[in-house]
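Structure below is start-v2.pdb: PDB, C-alpha atoms.
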```pdb
MODEL        1
ATOM      1  CA  MET T   1     276.148-205.159  64.793  1.00  0.00           C
ATOM      2  CA  ARG T   2     279.610-204.907  63.250  1.00  0.00           C
ATOM      3  CA  SER T   3     279.865-204.242  59.521  1.00  0.00           C
ATOM      4  CA  PRO T   4     281.387-206.963  57.349  1.00  0.00           C
ATOM      5  CA  VAL T   5     285.017-206.351  56.448  1.00  0.00           C
ATOM      6  CA  TRP T   6     284.232-205.901  52.757  1.00  0.00           C
ATOM      7  CA  LEU T   7     281.779-203.062  53.508  1.00  0.00           C
ATOM      8  CA  VAL T   8     284.401-201.270  55.566  1.00  0.00           C
ATOM      9  CA  LEU T   9     286.917-201.596  52.715  1.00  0.00           C
ATOM     10  CA  VAL T  10     284.410-200.238  50.195  1.00  0.00           C
ATOM     11  CA  ALA T  11     283.712-197.231  52.407  1.00  0.00           C
ATOM     12  CA  VAL T  12     287.420-196.494  52.847  1.00  0.00           C
ATOM     13  CA  LEU T  13     288.126-196.777  49.135  1.00  0.00           C
ATOM     14  CA  ALA T  14     285.178-194.508  48.302  1.00  0.00           C
ATOM     15  CA  ALA T  15     286.390-191.876  50.749  1.00  0.00           C
ATOM     16  CA  CYS T  16     289.882-191.988  49.288  1.00  0.00           C
ATOM     17  CA  SER T  17     288.656-191.639  45.728  1.00  0.00           C
ATOM     18  CA  ALA T  18     286.048-188.922  46.401  1.00  0.00           C
ATOM     19  CA  PRO T  19     286.826-185.685  44.508  1.00  0.00           C
ATOM     20  CA  GLU T  20     287.868-182.631  46.450  1.00  0.00           C
ATOM     21  CA  ALA T  21     285.177-180.065  47.122  1.00  0.00           C
ATOM     22  CA  ALA T  22     284.963-177.601  44.259  1.00  0.00           C
ATOM     23  CA  LYS T  23     286.812-174.372  44.888  1.00  0.00           C
ATOM     24  CA  PRO T  24     284.810-171.142  44.770  1.00  0.00           C
ATOM     25  CA  GLN T  25     284.939-169.668  41.278  1.00  0.00           C
ATOM     26  CA  VAL T  26     285.706-166.212  42.566  1.00  0.00           C
ATOM     27  CA  GLU T  27     288.093-165.188  45.357  1.00  0.00           C
ATOM     28  CA  VAL T  28     287.296-161.908  47.092  1.00  0.00           C
ATOM     29  CA  LEU T  29     290.444-159.894  47.808  1.00  0.00           C
ATOM     30  CA  GLN T  30     288.965-156.565  48.927  1.00  0.00           C
ATOM     31  CA  LYS T  31     285.649-154.828  49.512  1.00  0.00           C
ATOM     32  CA  ILE T  32     285.316-151.167  48.502  1.00  0.00           C
ATOM     33  CA  PRO T  33     282.311-148.932  49.270  1.00  0.00           C
ATOM     34  CA  HIS T  34     280.030-148.130  46.327  1.00  0.00           C
ATOM     35  CA  ASP T  35     277.443-145.384  45.959  1.00  0.00           C
ATOM     36  CA  THR T  36     274.065-147.149  46.090  1.00  0.00           C
ATOM     37  CA  SER T  37     272.517-144.411  43.954  1.00  0.00           C
ATOM     38  CA  ALA T  38     274.697-145.561  41.033  1.00  0.00           C
ATOM     39  CA  PHE T  39     272.747-147.692  38.528  1.00  0.00           C
ATOM     40  CA  THR T  40     276.009-149.119  37.216  1.00  0.00           C
ATOM     41  CA  GLN T  41     276.246-149.680  33.469  1.00  0.00           C
ATOM     42  CA  GLY T  42     279.969-149.460  32.752  1.00  0.00           C
ATOM     43  CA  LEU T  43     283.173-149.724  34.783  1.00  0.00           C
ATOM     44  CA  GLU T  44     286.812-149.272  33.745  1.00  0.00           C
ATOM     45  CA  LEU T  45     290.054-148.702  35.656  1.00  0.00           C
ATOM     46  CA  VAL T  46     292.710-146.647  33.857  1.00  0.00           C
ATOM     47  CA  ASP T  47     295.756-144.827  35.276  1.00  0.00           C
ATOM     48  CA  GLY T  48     294.523-145.112  38.838  1.00  0.00           C
ATOM     49  CA  VAL T  49     291.050-143.725  38.111  1.00  0.00           C
ATOM     50  CA  LEU T  50     287.909-145.872  38.199  1.00  0.00           C
ATOM     51  CA  TYR T  51     285.466-144.602  35.577  1.00  0.00           C
ATOM     52  CA  GLU T  52     281.800-145.470  35.989  1.00  0.00           C
ATOM     53  CA  GLY T  53     278.852-144.848  33.708  1.00  0.00           C
ATOM     54  CA  THR T  54     275.367-145.040  35.214  1.00  0.00           C
ATOM     55  CA  GLY T  55     271.896-145.306  33.707  1.00  0.00           C
ATOM     56  CA  LEU T  56     268.174-144.488  33.967  1.00  0.00           C
ATOM     57  CA  GLU T  57     266.458-141.556  32.288  1.00  0.00           C
ATOM     58  CA  GLY T  58     266.989-138.362  34.240  1.00  0.00           C
ATOM     59  CA  GLU T  59     269.625-140.031  36.452  1.00  0.00           C
ATOM     60  CA  SER T  60     272.389-141.100  34.051  1.00  0.00           C
ATOM     61  CA  THR T  61     275.908-139.909  34.844  1.00  0.00           C
ATOM     62  CA  MET T  62     279.573-140.248  33.964  1.00  0.00           C
ATOM     63  CA  ARG T  63     281.808-140.485  37.024  1.00  0.00           C
ATOM     64  CA  ALA T  64     285.450-140.678  38.075  1.00  0.00           C
ATOM     65  CA  LEU T  65     286.028-142.584  41.329  1.00  0.00           C
ATOM     66  CA  ASP T  66     288.899-143.198  43.706  1.00  0.00           C
ATOM     67  CA  PRO T  67     289.340-146.992  43.342  1.00  0.00           C
ATOM     68  CA  ALA T  68     290.700-147.299  46.879  1.00  0.00           C
ATOM     69  CA  THR T  69     287.717-145.693  48.622  1.00  0.00           C
ATOM     70  CA  GLY T  70     284.920-145.637  46.062  1.00  0.00           C
ATOM     71  CA  ASN T  71     284.562-141.889  46.576  1.00  0.00           C
ATOM     72  CA  VAL T  72     283.176-139.963  43.607  1.00  0.00           C
ATOM     73  CA  GLN T  73     285.825-137.424  42.575  1.00  0.00           C
ATOM     74  CA  LYS T  74     284.044-135.996  39.547  1.00  0.00           C
ATOM     75  CA  LYS T  75     280.596-136.402  38.029  1.00  0.00           C
ATOM     76  CA  VAL T  76     278.697-135.030  35.038  1.00  0.00           C
ATOM     77  CA  ASP T  77     275.030-135.612  34.260  1.00  0.00           C
ATOM     78  CA  LEU T  78     273.655-136.763  30.931  1.00  0.00           C
ATOM     79  CA  PRO T  79     270.731-134.860  29.417  1.00  0.00           C
ATOM     80  CA  PRO T  80     267.551-136.164  31.094  1.00  0.00           C
ATOM     81  CA  GLU T  81     266.257-137.820  27.916  1.00  0.00           C
ATOM     82  CA  LEU T  82     269.363-140.043  27.569  1.00  0.00           C
ATOM     83  CA  PHE T  83     269.669-143.455  29.250  1.00  0.00           C
ATOM     84  CA  GLY T  84     273.379-144.102  29.821  1.00  0.00           C
ATOM     85  CA  GLU T  85     274.889-147.529  29.218  1.00  0.00           C
ATOM     86  CA  GLY T  86     278.419-148.935  28.840  1.00  0.00           C
ATOM     87  CA  ILE T  87     281.679-146.971  28.718  1.00  0.00           C
ATOM     88  CA  THR T  88     285.235-147.520  27.532  1.00  0.00           C
ATOM     89  CA  VAL T  89     288.421-145.451  27.597  1.00  0.00           C
ATOM     90  CA  VAL T  90     290.269-144.863  24.308  1.00  0.00           C
ATOM     91  CA  GLY T  91     293.427-142.832  24.799  1.00  0.00           C
ATOM     92  CA  ASP T  92     292.488-139.444  26.236  1.00  0.00           C
ATOM     93  CA  THR T  93     288.774-139.935  25.610  1.00  0.00           C
ATOM     94  CA  ILE T  94     285.852-141.999  26.874  1.00  0.00           C
ATOM     95  CA  TRP T  95     283.042-143.441  24.783  1.00  0.00           C
ATOM     96  CA  GLN T  96     279.701-143.636  26.585  1.00  0.00           C
ATOM     97  CA  ILE T  97     276.821-145.317  24.778  1.00  0.00           C
ATOM     98  CA  THR T  98     273.089-145.049  25.395  1.00  0.00           C
ATOM     99  CA  TRP T  99     270.368-147.673  25.557  1.00  0.00           C
ATOM    100  CA  GLN T 100     267.669-146.821  22.999  1.00  0.00           C
ATOM    101  CA  ASN T 101     268.697-143.287  22.040  1.00  0.00           C
ATOM    102  CA  GLY T 102     271.105-144.369  19.284  1.00  0.00           C
ATOM    103  CA  VAL T 103     273.710-141.915  20.570  1.00  0.00           C
ATOM    104  CA  ALA T 104     277.341-142.476  21.552  1.00  0.00           C
ATOM    105  CA  ILE T 105     279.015-139.649  23.458  1.00  0.00           C
ATOM    106  CA  GLU T 106     282.756-139.060  23.225  1.00  0.00           C
ATOM    107  CA  ARG T 107     284.138-137.389  26.373  1.00  0.00           C
ATOM    108  CA  ASP T 108     287.361-135.791  27.485  1.00  0.00           C
ATOM    109  CA  ARG T 109     288.847-138.255  29.987  1.00  0.00           C
ATOM    110  CA  ARG T 110     290.290-135.529  32.223  1.00  0.00           C
ATOM    111  CA  THR T 111     287.211-133.343  32.565  1.00  0.00           C
ATOM    112  CA  LEU T 112     284.477-135.861  31.572  1.00  0.00           C
ATOM    113  CA  ASN T 113     283.027-133.099  29.391  1.00  0.00           C
ATOM    114  CA  GLU T 114     281.239-134.039  26.170  1.00  0.00           C
ATOM    115  CA  LEU T 115     283.287-133.559  22.992  1.00  0.00           C
ATOM    116  CA  ARG T 116     280.882-134.821  20.343  1.00  0.00           C
ATOM    117  CA  ARG T 117     278.104-137.288  19.589  1.00  0.00           C
ATOM    118  CA  VAL T 118     277.737-139.920  16.901  1.00  0.00           C
ATOM    119  CA  SER T 119     274.709-141.992  15.925  1.00  0.00           C
ATOM    120  CA  TYR T 120     274.314-145.759  15.605  1.00  0.00           C
ATOM    121  CA  GLN T 121     271.509-148.191  14.838  1.00  0.00           C
ATOM    122  CA  GLY T 122     269.952-150.476  17.440  1.00  0.00           C
ATOM    123  CA  GLU T 123     270.355-150.636  21.193  1.00  0.00           C
ATOM    124  CA  GLY T 124     273.517-150.005  23.182  1.00  0.00           C
ATOM    125  CA  TRP T 125     274.360-152.188  26.208  1.00  0.00           C
ATOM    126  CA  GLY T 126     278.090-152.675  26.783  1.00  0.00           C
ATOM    127  CA  ILE T 127     281.305-151.549  25.104  1.00  0.00           C
ATOM    128  CA  CYS T 128     285.050-152.154  25.420  1.00  0.00           C
ATOM    129  CA  ASP T 129     288.248-151.390  23.506  1.00  0.00           C
ATOM    130  CA  ASP T 130     290.632-154.245  22.653  1.00  0.00           C
ATOM    131  CA  GLY T 131     293.394-151.861  21.527  1.00  0.00           C
ATOM    132  CA  ARG T 132     292.495-152.121  17.840  1.00  0.00           C
ATOM    133  CA  ARG T 133     288.740-151.652  17.740  1.00  0.00           C
ATOM    134  CA  LEU T 134     285.654-151.121  19.859  1.00  0.00           C
ATOM    135  CA  ILE T 135     283.481-154.134  20.708  1.00  0.00           C
ATOM    136  CA  MET T 136     279.841-153.443  21.551  1.00  0.00           C
ATOM    137  CA  SER T 137     276.868-155.479  22.788  1.00  0.00           C
ATOM    138  CA  ASP T 138     273.189-154.775  22.136  1.00  0.00           C
ATOM    139  CA  GLY T 139     271.366-157.329  24.297  1.00  0.00           C
ATOM    140  CA  THR T 140     271.369-160.016  21.610  1.00  0.00           C
ATOM    141  CA  ALA T 141     273.965-162.739  21.018  1.00  0.00           C
ATOM    142  CA  LYS T 142     275.868-160.398  18.668  1.00  0.00           C
ATOM    143  CA  LEU T 143     279.031-158.455  19.399  1.00  0.00           C
ATOM    144  CA  THR T 144     279.622-155.604  16.950  1.00  0.00           C
ATOM    145  CA  PHE T 145     283.080-154.313  16.042  1.00  0.00           C
ATOM    146  CA  ARG T 146     283.463-150.561  15.546  1.00  0.00           C
ATOM    147  CA  ASP T 147     286.146-148.092  14.543  1.00  0.00           C
ATOM    148  CA  GLN T 148     287.706-146.406  17.583  1.00  0.00           C
ATOM    149  CA  ARG T 149     287.522-142.942  16.041  1.00  0.00           C
ATOM    150  CA  THR T 150     284.474-142.861  13.769  1.00  0.00           C
ATOM    151  CA  PHE T 151     282.354-145.451  15.607  1.00  0.00           C
ATOM    152  CA  ALA T 152     281.507-146.981  12.216  1.00  0.00           C
ATOM    153  CA  GLU T 153     280.612-150.689  12.233  1.00  0.00           C
ATOM    154  CA  THR T 154     283.418-152.871  10.849  1.00  0.00           C
ATOM    155  CA  GLY T 155     282.111-156.385  11.529  1.00  0.00           C
ATOM    156  CA  SER T 156     280.412-158.636  14.063  1.00  0.00           C
ATOM    157  CA  VAL T 157     280.410-162.104  15.640  1.00  0.00           C
ATOM    158  CA  GLN T 158     277.670-164.281  17.138  1.00  0.00           C
ATOM    159  CA  VAL T 159     278.335-165.509  20.677  1.00  0.00           C
ATOM    160  CA  THR T 160     277.586-169.143  21.515  1.00  0.00           C
ATOM    161  CA  ARG T 161     277.866-171.299  24.628  1.00  0.00           C
ATOM    162  CA  ASP T 162     277.795-175.063  24.162  1.00  0.00           C
ATOM    163  CA  GLY T 163     276.700-174.473  20.590  1.00  0.00           C
ATOM    164  CA  GLN T 164     273.712-172.287  21.498  1.00  0.00           C
ATOM    165  CA  PRO T 165     273.411-168.502  21.054  1.00  0.00           C
ATOM    166  CA  LEU T 166     274.013-166.617  24.303  1.00  0.00           C
ATOM    167  CA  THR T 167     271.865-163.492  24.500  1.00  0.00           C
ATOM    168  CA  GLN T 168     271.548-160.711  27.098  1.00  0.00           C
ATOM    169  CA  LEU T 169     275.245-159.835  26.836  1.00  0.00           C
ATOM    170  CA  ASN T 170     275.608-156.674  28.873  1.00  0.00           C
ATOM    171  CA  GLU T 171     278.615-154.776  30.290  1.00  0.00           C
ATOM    172  CA  LEU T 172     281.876-155.667  28.521  1.00  0.00           C
ATOM    173  CA  GLU T 173     285.573-155.610  29.395  1.00  0.00           C
ATOM    174  CA  CYS T 174     288.347-156.376  26.889  1.00  0.00           C
ATOM    175  CA  VAL T 175     291.346-158.153  28.452  1.00  0.00           C
ATOM    176  CA  GLY T 176     294.190-159.921  26.661  1.00  0.00           C
ATOM    177  CA  GLY T 177     292.353-160.359  23.397  1.00  0.00           C
ATOM    178  CA  LYS T 178     289.242-161.801  25.054  1.00  0.00           C
ATOM    179  CA  VAL T 179     285.922-160.217  26.041  1.00  0.00           C
ATOM    180  CA  TRP T 180     284.418-160.522  29.514  1.00  0.00           C
ATOM    181  CA  SER T 181     280.676-159.923  29.727  1.00  0.00           C
ATOM    182  CA  ASN T 182     277.949-159.733  32.324  1.00  0.00           C
ATOM    183  CA  VAL T 183     274.895-161.771  31.350  1.00  0.00           C
ATOM    184  CA  TRP T 184     271.849-159.677  32.247  1.00  0.00           C
ATOM    185  CA  LYS T 185     269.415-161.048  34.829  1.00  0.00           C
ATOM    186  CA  THR T 186     271.957-163.648  35.941  1.00  0.00           C
ATOM    187  CA  ASP T 187     274.848-163.807  38.391  1.00  0.00           C
ATOM    188  CA  GLU T 188     277.165-164.925  35.593  1.00  0.00           C
ATOM    189  CA  ILE T 189     280.190-163.417  33.917  1.00  0.00           C
ATOM    190  CA  VAL T 190     281.411-165.103  30.736  1.00  0.00           C
ATOM    191  CA  ARG T 191     284.749-164.941  28.948  1.00  0.00           C
ATOM    192  CA  ILE T 192     284.425-164.891  25.157  1.00  0.00           C
ATOM    193  CA  ASP T 193     286.788-165.438  22.238  1.00  0.00           C
ATOM    194  CA  PRO T 194     285.838-162.608  19.834  1.00  0.00           C
ATOM    195  CA  GLY T 195     287.494-164.460  16.967  1.00  0.00           C
ATOM    196  CA  ASN T 196     284.818-167.161  16.840  1.00  0.00           C
ATOM    197  CA  GLY T 197     282.276-166.028  19.442  1.00  0.00           C
ATOM    198  CA  GLN T 198     282.693-169.078  21.656  1.00  0.00           C
ATOM    199  CA  VAL T 199     282.303-168.752  25.432  1.00  0.00           C
ATOM    200  CA  LEU T 200     285.529-170.030  26.990  1.00  0.00           C
ATOM    201  CA  ASN T 201     284.565-169.778  30.670  1.00  0.00           C
ATOM    202  CA  THR T 202     281.471-169.107  32.761  1.00  0.00           C
ATOM    203  CA  TYR T 203     281.809-167.793  36.315  1.00  0.00           C
ATOM    204  CA  ASP T 204     279.109-167.814  38.986  1.00  0.00           C
ATOM    205  CA  LEU T 205     279.245-164.696  41.192  1.00  0.00           C
ATOM    206  CA  SER T 206     276.045-165.364  43.126  1.00  0.00           C
ATOM    207  CA  SER T 207     278.068-165.479  46.353  1.00  0.00           C
ATOM    208  CA  LEU T 208     278.730-161.735  46.014  1.00  0.00           C
ATOM    209  CA  LYS T 209     275.119-160.647  45.650  1.00  0.00           C
ATOM    210  CA  PRO T 210     273.946-158.533  48.596  1.00  0.00           C
ATOM    211  CA  SER T 211     271.018-159.776  50.634  1.00  0.00           C
ATOM    212  CA  GLY T 212     267.573-158.319  50.121  1.00  0.00           C
ATOM    213  CA  ASP T 213     265.856-156.989  47.033  1.00  0.00           C
ATOM    214  CA  VAL T 214     268.795-155.712  44.978  1.00  0.00           C
ATOM    215  CA  ASP T 215     269.329-155.232  41.260  1.00  0.00           C
ATOM    216  CA  VAL T 216     271.559-157.294  39.016  1.00  0.00           C
ATOM    217  CA  LEU T 217     275.296-157.840  38.837  1.00  0.00           C
ATOM    218  CA  ASN T 218     276.784-155.361  36.348  1.00  0.00           C
ATOM    219  CA  GLY T 219     280.210-153.800  35.996  1.00  0.00           C
ATOM    220  CA  ILE T 220     283.602-155.363  35.226  1.00  0.00           C
ATOM    221  CA  ALA T 221     286.924-153.506  35.395  1.00  0.00           C
ATOM    222  CA  HIS T 222     290.259-155.264  34.915  1.00  0.00           C
ATOM    223  CA  VAL T 223     293.027-154.151  37.270  1.00  0.00           C
ATOM    224  CA  PRO T 224     295.935-153.422  34.878  1.00  0.00           C
ATOM    225  CA  GLY T 225     299.057-155.511  35.334  1.00  0.00           C
ATOM    226  CA  THR T 226     297.278-158.152  37.433  1.00  0.00           C
ATOM    227  CA  ASP T 227     294.861-161.074  37.094  1.00  0.00           C
ATOM    228  CA  GLU T 228     292.364-159.201  39.266  1.00  0.00           C
ATOM    229  CA  PHE T 229     289.088-157.439  38.526  1.00  0.00           C
ATOM    230  CA  LEU T 230     286.710-154.975  40.151  1.00  0.00           C
ATOM    231  CA  VAL T 231     283.062-156.061  39.924  1.00  0.00           C
ATOM    232  CA  THR T 232     279.815-154.638  41.269  1.00  0.00           C
ATOM    233  CA  GLY T 233     276.103-154.381  40.523  1.00  0.00           C
ATOM    234  CA  LYS T 234     273.419-151.799  39.927  1.00  0.00           C
ATOM    235  CA  ASN T 235     272.873-149.899  43.202  1.00  0.00           C
ATOM    236  CA  TRP T 236     275.068-152.342  45.122  1.00  0.00           C
ATOM    237  CA  PRO T 237     276.758-151.046  48.297  1.00  0.00           C
ATOM    238  CA  THR T 238     280.070-152.734  47.473  1.00  0.00           C
ATOM    239  CA  ILE T 239     282.674-152.986  44.726  1.00  0.00           C
ATOM    240  CA  PHE T 240     284.540-156.284  45.015  1.00  0.00           C
ATOM    241  CA  ARG T 241     288.174-156.738  44.046  1.00  0.00           C
ATOM    242  CA  VAL T 242     288.318-160.362  42.925  1.00  0.00           C
ATOM    243  CA  ARG T 243     290.350-163.053  41.232  1.00  0.00           C
ATOM    244  CA  PHE T 244     288.685-165.683  39.067  1.00  0.00           C
ATOM    245  CA  ASN T 245     289.890-169.231  39.727  1.00  0.00           C
ATOM    246  CA  GLY T 246     290.829-171.355  36.735  1.00  0.00           C
ATOM    247  CA  MET T 247     291.030-168.368  34.404  1.00  0.00           C
ATOM    248  CA  GLY T 248     292.238-169.538  30.998  1.00  0.00           C
ATOM    249  CA  GLN T 249     295.633-168.474  29.776  1.00  0.00           C
ATOM    250  CA  ASP T 250     294.924-168.796  26.043  1.00  0.00           C
TER
ENDMDL
END
```
Spell out the structure here as structure tokens.
Amino acid sequence: MRSPVWLVLVAVLAACSAPEAAKPQVEVLQKIPHDTSAFTQGLELVDGVLYEGTGLEGESTMRALDPATGNVQKKVDLPPELFGEGITVVGDTIWQITWQNGVAIERDRRTLNELRRVSYQGEGWGICDDGRRLIMSDGTAKLTFRDQRTFAETGSVQVTRDGQPLTQLNELECVGGKVWSNVWKTDEIVRIDPGNGQVLNTYDLSSLKPSGDVDVLNGIAHVPGTDEFLVTGKNWPTIFRVRFNGMGQD
């Protein structure tokens, strides 16, 4: 039986007006091998060196990697009682925080050797440097601002998404005045305005997750001079060089 003319016209009009299929939120540009023994907690690319901090008691490390191959060029172990968390480069040094030990370690960027330790209250999850101050997460919806040299707290902001507090903020990366953060136990990365704490963008990276029983997405490193990032996860076999579609320009 032939369809009435009006039904055919409706079908044609609907097809013409249908929205285009949504583009993937993340475009994979390159895949780089990653040491699956690395329980990744922090990632940062500076002057052609990919720095990685790893966690777990008795297994925490500070590493320098070749970003082209993923090969570990240098590695130092943390004392077995310390659980390593996020890292950030500040000039010729690296800050590496710890989870529940209340200790931040300042390291020489060239040798990775420990220079000194400072204490802080609460948990340490992620940390980044926006050029003026350190910004640190503790697993809550709060981002804490700290002095780059003394590590003293100078302020804080509560992070919200759609008006609701967003907790479980993990590894951080400061880029262009904004903060990028992994959200623990999810496949999401969010982009945050540290001035008011509002989430500007949410990106779904579930397409990158390896098959099988693997740990969570964690690790964000901006590629300087580009709109690209290196991302990975705890014990993942791959570091992905990616570009986020629709990234805000504000």
Nearest candidate to T:Arg149 (options T:Val199, T:Val90, T:Leu115, T:Val190; using only C-alpha atoms):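 Counting only C-alpha atoms, the residue closest to T:Arg149 is T:Val90.
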Taking the file above as input, evaluate the PyMOL selection byres ((chain T and resi 151) around 9) and report the hits as a VMD selection string. chain T and resid 104 118 to 120 134 145 to 150 152 to 154
One decimal, in Å: what's the spacing between atom CA of T:Gly42 and atom CA of T:Ser137? 12.0 Å
Determine the residue membership of the PyMOL selection byres ((chain T and resi 176) around 12) for the file above and supply it as a list in words. Asp129, Asp130, Gly131, Arg132, Glu173, Cys174, Val175, Gly177, Lys178, Val179, Trp180, Arg191, Ile192, Asp193, Pro194, His222, Pro224, Gly225, Thr226, Asp227, Met247, Gly248, Gln249 and Asp250 of chain T
Residues picked by the PyMOL selection byres ((chain T and resi 121) around 10) here, as a JSON list (two decimals) with C-alpha atoms, keeping the file's coordinate frame?
```
[["chain", "number", "residue", "atom", "x", "y", "z"],
["T", 100, "GLN", "CA", 267.67, -146.82, 23.00],
["T", 101, "ASN", "CA", 268.70, -143.29, 22.04],
["T", 102, "GLY", "CA", 271.10, -144.37, 19.28],
["T", 103, "VAL", "CA", 273.71, -141.92, 20.57],
["T", 119, "SER", "CA", 274.71, -141.99, 15.92],
["T", 120, "TYR", "CA", 274.31, -145.76, 15.60],
["T", 122, "GLY", "CA", 269.95, -150.48, 17.44],
["T", 123, "GLU", "CA", 270.36, -150.64, 21.19],
["T", 124, "GLY", "CA", 273.52, -150.00, 23.18],
["T", 138, "ASP", "CA", 273.19, -154.78, 22.14],
["T", 153, "GLU", "CA", 280.61, -150.69, 12.23]]
```
Near-T:Val49 list (7 Å; all atoms listed in the file; drop same-chain fewer than 3 positions) as an NGL selection string: :T and (45-46 or 64-67)
Considering all atoms listed in the file, can you say which of T:Ala68, T:Leu143, T:Leu56, T:Val26 comes closest to T:Thr160? T:Leu143
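Among the candidate residues T:Glu44, T:Glu59, T:Glu188, T:Glu114, the one lying nearest to T:Ile127 is T:Glu44, with distances computed using all atoms listed in the file.
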Box in all listed atoms of stretch 123-134 of chain T, axis-aligned, with 5 Å more on each side; write out centre and edge lengths in Å to one decimal as AutoDock Vina command-line options.
```
--center_x 281.9 --center_y -152.1 --center_z 22.3 --size_x 33.0 --size_y 14.2 --size_z 19.0
```
Atomic distance atom CA of T:Asp215 - atom CA of T:Asn71, expressed in Å with one decimal: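 Between atom CA of T:Asp215 and atom CA of T:Asn71 the gap works out to 20.9 Å.
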Figure out the distance between atom CA of T:Asp187 and atom CA of T:Phe83, please, to one decimal in Å. 22.9 Å
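Residue nearest T:Phe229 within the list T:Gly195, T:Leu82, T:Thr140, T:Ile189: T:Ile189 [criterion: smallest interatomic distance, all atoms listed in the file].
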Neighbouring residues of T:Gly139 were defined as those with any atom within 12 Å, considering all atoms listed in the file; residues of the same chain fewer than 6 positions away were excluded. Please report them as a VMD selection string. chain T and resid 85 to 86 99 to 100 122 to 127 158 to 159 165 to 172 181 to 185
Since we have the selection now, will you write its residues out, keeping C-alpha atoms, as a CSV table (one decimal), in the frame of the given file?
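Below is the file result_18.csv, written as the result:
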```csv
chain,number,residue,atom,x,y,z
T,85,GLU,CA,274.9,-147.5,29.2
T,86,GLY,CA,278.4,-148.9,28.8
T,99,TRP,CA,270.4,-147.7,25.6
T,100,GLN,CA,267.7,-146.8,23.0
T,122,GLY,CA,270.0,-150.5,17.4
T,123,GLU,CA,270.4,-150.6,21.2
T,124,GLY,CA,273.5,-150.0,23.2
T,125,TRP,CA,274.4,-152.2,26.2
T,126,GLY,CA,278.1,-152.7,26.8
T,127,ILE,CA,281.3,-151.5,25.1
T,158,GLN,CA,277.7,-164.3,17.1
T,159,VAL,CA,278.3,-165.5,20.7
T,165,PRO,CA,273.4,-168.5,21.1
T,166,LEU,CA,274.0,-166.6,24.3
T,167,THR,CA,271.9,-163.5,24.5
T,168,GLN,CA,271.5,-160.7,27.1
T,169,LEU,CA,275.2,-159.8,26.8
T,170,ASN,CA,275.6,-156.7,28.9
T,171,GLU,CA,278.6,-154.8,30.3
T,172,LEU,CA,281.9,-155.7,28.5
T,181,SER,CA,280.7,-159.9,29.7
T,182,ASN,CA,277.9,-159.7,32.3
T,183,VAL,CA,274.9,-161.8,31.4
T,184,TRP,CA,271.8,-159.7,32.2
T,185,LYS,CA,269.4,-161.0,34.8
```
